[in-house]
Amino acid sequence: MAKAAKALRLEALAAQIRVCTKCPLCQSRTLAVPGDGKPSARVMLIGEAPGREEDETGHPFVGAAGRFLDQVLEVTGINRDDLFITNIVKCRPPNNRTPRAGEVETCTSNYLFEQIELINPALIMLLGGVPAKKMLGVKSVNEARGRMIERVGRQYLVGYHPAVRFYREDMGEKVEEDFGLLKRVLKK
């Protein structure tokens with residue numbers, strides 16, 4: 001599929017996501033969050049779910065965790081505009097609870113897997129336990145963190161979700177380490 005056709009299909013998919021009613025999360029959302037970034041991004045970041053500010057704006061990683069992510073990207077010299085950033089589920093779960101298995105399954109099978117196919121990134125970075133479990137079948141971030149993992153011809157890195165810093169201050173350094181590894185991998 002040509003670059004222009006892929007970009008158009010990504011836009012059509014985003015439009016479908018914005019009006020999706022396939023799972024109960026649609027009932028409590030303000031705006032669905034399809035994802036942002038280059039249709040030809042070499043790197044795709046996949047988080048867990050939109051938070052409050054993401055739900056209000058329709059864009060991923062714009063709240064506190066997103067501001068911390070921006071700081072980490074700046075420190076590591078990675079340009080956010082070069083990435084495609086999305087989440088496992090596209091609507092905010094009530095009270096920021098963890099997405100349920102059925103919600104994850106609905107969103108990934110209807111949208112995320114196709115986004116990955118269209119963008120065809122050289123590397124996918126999974127931020128947090130929910131994406132790591134869904135995409136790689138691991139039990140925890142620590143089980144997969146710190147090394148490249150190949151699954152079905154795709155390269156993955158697993159890192160802590162930037163929001164972890166707000167629950168444990170010392171974890172901010174771990175997030176920075178994860179993005180430092182991403183930067184080293186990209187330089188190869």
# chains A, B, ... in the order shown; residues from 1 in each chain; ligands from 1

call {"tool": "select_by_dssp", "arguments": {"residues": "segment 41-108 of chain A", "states": "helix (DSSP H, G or I)", "output": "PyMOL selection string"}}
result
chain A and resi 52-57+64-76+80-82+94-96+101-108

call {"tool": "residues_around", "arguments": {"residues": "Ile78 of chain A", "least_positions_apart": "5", "cutoff": "10 Å", "atoms": "only C-alpha atoms", "output": "number ranges by chain"}}
result
A: 70, 72-73, 83, 179-180, 182-183, 186

call {"tool": "select_by_dssp", "arguments": {"residues": "segment 16-179 of chain A", "states": "strand (DSSP E)", "output": "MDAnalysis selection string"}}
result
chainID A and resid 36:37 43:47 83:87 123:127 149:151 154:159

call {"tool": "closest_residue", "arguments": {"among": "A:Asp36, A:Glu176, A:Glu150, A:Glu117", "to": "Lys90 of chain A", "atoms": "only C-alpha atoms"}}
result
A:Asp36

call {"tool": "closest_residue", "arguments": {"among": "A:Gln71, A:Ser109, A:Thr76, A:Thr30", "to": "Arg184 of chain A", "atoms": "only C-alpha atoms"}}
result
A:Thr76

call {"tool": "residues_around", "arguments": {"residues": "segment 123-140 of chain A", "least_positions_apart": "5", "cutoff": "6 Å", "atoms": "only C-alpha atoms", "output": "ChimeraX atom specification"}}
result
/A:43-48,155-161

call {"tool": "atom_distance", "arguments": {"atom1": "atom CA of Ala5 of chain A", "atom2": "atom CA of Gln115 of chain A"}}
result
13.0 Å

call {"tool": "closest_residue", "arguments": {"among": "A:Val164, A:Leu181, A:Ile119, A:Val89", "to": "Lys22 of chain A", "atoms": "only C-alpha atoms"}}
result
A:Val89

call {"tool": "closest_residue", "arguments": {"among": "A:Cys20, A:Cys26, A:Ala2, A:Phe68", "to": "Arg165 of chain A", "atoms": "only C-alpha atoms"}}
result
A:Phe68

call {"tool": "decode", "arguments": {"residues": "segment 33-49 of chain A", "atoms": "all heavy atoms", "output": "tab-separated table (two decimals), in the first residue's frame"}}
result
chain	number	residue	atom	x	y	z
A	33	VAL	N	-9.37	8.77	21.80
A	33	VAL	CA	-8.01	9.20	21.51
A	33	VAL	C	-7.36	8.19	20.56
A	33	VAL	O	-6.74	7.23	21.01
A	33	VAL	CB	-7.19	9.34	22.82
A	33	VAL	CG1	-5.79	9.88	22.54
A	33	VAL	CG2	-7.92	10.24	23.82
A	34	PRO	N	-7.49	8.41	19.25
A	34	PRO	CA	-6.95	7.45	18.29
A	34	PRO	C	-5.42	7.33	18.33
A	34	PRO	O	-4.88	6.25	18.13
A	34	PRO	CB	-7.39	8.00	16.93
A	34	PRO	CG	-8.45	8.99	17.20
A	34	PRO	CD	-8.23	9.50	18.59
A	35	GLY	N	-4.75	8.43	18.57
A	35	GLY	CA	-3.28	8.46	18.54
A	35	GLY	C	-2.83	9.60	17.65
A	35	GLY	O	-3.61	10.12	16.84
A	36	ASP	N	-1.58	10.01	17.82
A	36	ASP	CA	-1.00	11.12	17.06
A	36	ASP	C	0.37	10.71	16.55
A	36	ASP	O	1.08	9.97	17.22
A	36	ASP	CB	-0.76	12.35	17.96
A	36	ASP	CG	-2.04	13.08	18.33
A	36	ASP	OD1	-3.09	12.84	17.70
A	36	ASP	OD2	-1.98	13.89	19.27
A	37	GLY	N	0.73	11.27	15.42
A	37	GLY	CA	2.10	11.10	14.95
A	37	GLY	C	2.21	10.88	13.47
A	37	GLY	O	1.23	10.96	12.73
A	38	LYS	N	3.43	10.59	13.07
A	38	LYS	CA	3.74	10.37	11.66
A	38	LYS	C	3.20	9.03	11.20
A	38	LYS	O	3.46	8.02	11.84
A	38	LYS	CB	5.26	10.37	11.45
A	38	LYS	CG	5.89	11.74	11.40
A	38	LYS	CD	7.40	11.67	11.37
A	38	LYS	CE	7.96	11.06	10.10
A	38	LYS	NZ	9.43	11.28	10.02
A	39	PRO	N	2.50	9.00	10.08
A	39	PRO	CA	2.03	7.73	9.53
A	39	PRO	C	3.18	6.80	9.13
A	39	PRO	O	3.00	5.60	9.00
A	39	PRO	CB	1.22	8.12	8.29
A	39	PRO	CG	0.87	9.56	8.49
A	39	PRO	CD	1.99	10.15	9.31
A	40	SER	N	4.39	7.38	8.98
A	40	SER	CA	5.55	6.58	8.59
A	40	SER	C	6.58	6.50	9.73
A	40	SER	O	7.76	6.29	9.49
A	40	SER	CB	6.21	7.21	7.36
A	40	SER	OG	6.63	8.54	7.67
A	41	ALA	N	6.12	6.66	10.96
A	41	ALA	CA	7.03	6.69	12.12
A	41	ALA	C	7.85	5.41	12.22
A	41	ALA	O	7.33	4.31	12.04
A	41	ALA	CB	6.23	6.91	13.40
A	42	ARG	N	9.13	5.56	12.54
A	42	ARG	CA	10.00	4.40	12.79
A	42	ARG	C	9.69	3.78	14.14
A	42	ARG	O	9.96	2.61	14.36
A	42	ARG	CB	11.48	4.82	12.79
A	42	ARG	CG	12.08	4.96	11.42
A	42	ARG	CD	13.58	5.27	11.51
A	42	ARG	NE	14.32	4.20	12.18
A	42	ARG	CZ	15.41	4.38	12.91
A	42	ARG	NH1	15.89	5.59	13.10
A	42	ARG	NH2	16.04	3.37	13.47
A	43	VAL	N	9.19	4.61	15.06
A	43	VAL	CA	8.92	4.14	16.42
A	43	VAL	C	7.49	4.46	16.80
A	43	VAL	O	7.00	5.56	16.58
A	43	VAL	CB	9.88	4.80	17.45
A	43	VAL	CG1	9.55	4.37	18.87
A	43	VAL	CG2	11.33	4.48	17.12
A	44	MET	N	6.85	3.47	17.39
A	44	MET	CA	5.48	3.63	17.89
A	44	MET	C	5.53	3.42	19.40
A	44	MET	O	6.12	2.45	19.87
A	44	MET	CB	4.59	2.57	17.22
A	44	MET	CG	3.13	2.73	17.46
A	44	MET	SD	2.29	1.54	16.35
A	44	MET	CE	0.61	2.07	16.56
A	45	LEU	N	4.96	4.37	20.14
A	45	LEU	CA	4.83	4.22	21.59
A	45	LEU	C	3.39	3.81	21.87
A	45	LEU	O	2.46	4.43	21.35
A	45	LEU	CB	5.10	5.53	22.32
A	45	LEU	CG	6.46	6.19	22.19
A	45	LEU	CD1	6.54	7.41	23.09
A	45	LEU	CD2	7.59	5.23	22.50
A	46	ILE	N	3.21	2.78	22.68
A	46	ILE	CA	1.87	2.33	23.05
A	46	ILE	C	1.74	2.33	24.56
A	46	ILE	O	2.43	1.59	25.25
A	46	ILE	CB	1.57	0.92	22.49
A	46	ILE	CG1	1.73	0.91	20.96
A	46	ILE	CG2	0.15	0.48	22.89
A	46	ILE	CD1	1.56	-0.47	20.33
A	47	GLY	N	0.87	3.21	25.06
A	47	GLY	CA	0.58	3.27	26.48
A	47	GLY	C	-0.65	2.45	26.81
A	47	GLY	O	-1.11	1.62	26.01
A	48	GLU	N	-1.21	2.68	27.99
A	48	GLU	CA	-2.33	1.88	28.48
A	48	GLU	C	-3.68	2.41	28.02
A	48	GLU	O	-4.43	1.73	27.33
A	48	GLU	CB	-2.26	1.85	30.00
A	48	GLU	CG	-3.35	1.05	30.66
A	48	GLU	CD	-3.14	0.95	32.16
A	48	GLU	OE1	-2.09	0.43	32.59
A	48	GLU	OE2	-4.03	1.40	32.90
A	49	ALA	N	-3.98	3.65	28.41
A	49	ALA	CA	-5.30	4.24	28.13
A	49	ALA	C	-5.21	5.75	28.31
A	49	ALA	O	-4.35	6.24	29.03
A	49	ALA	CB	-6.34	3.67	29.10
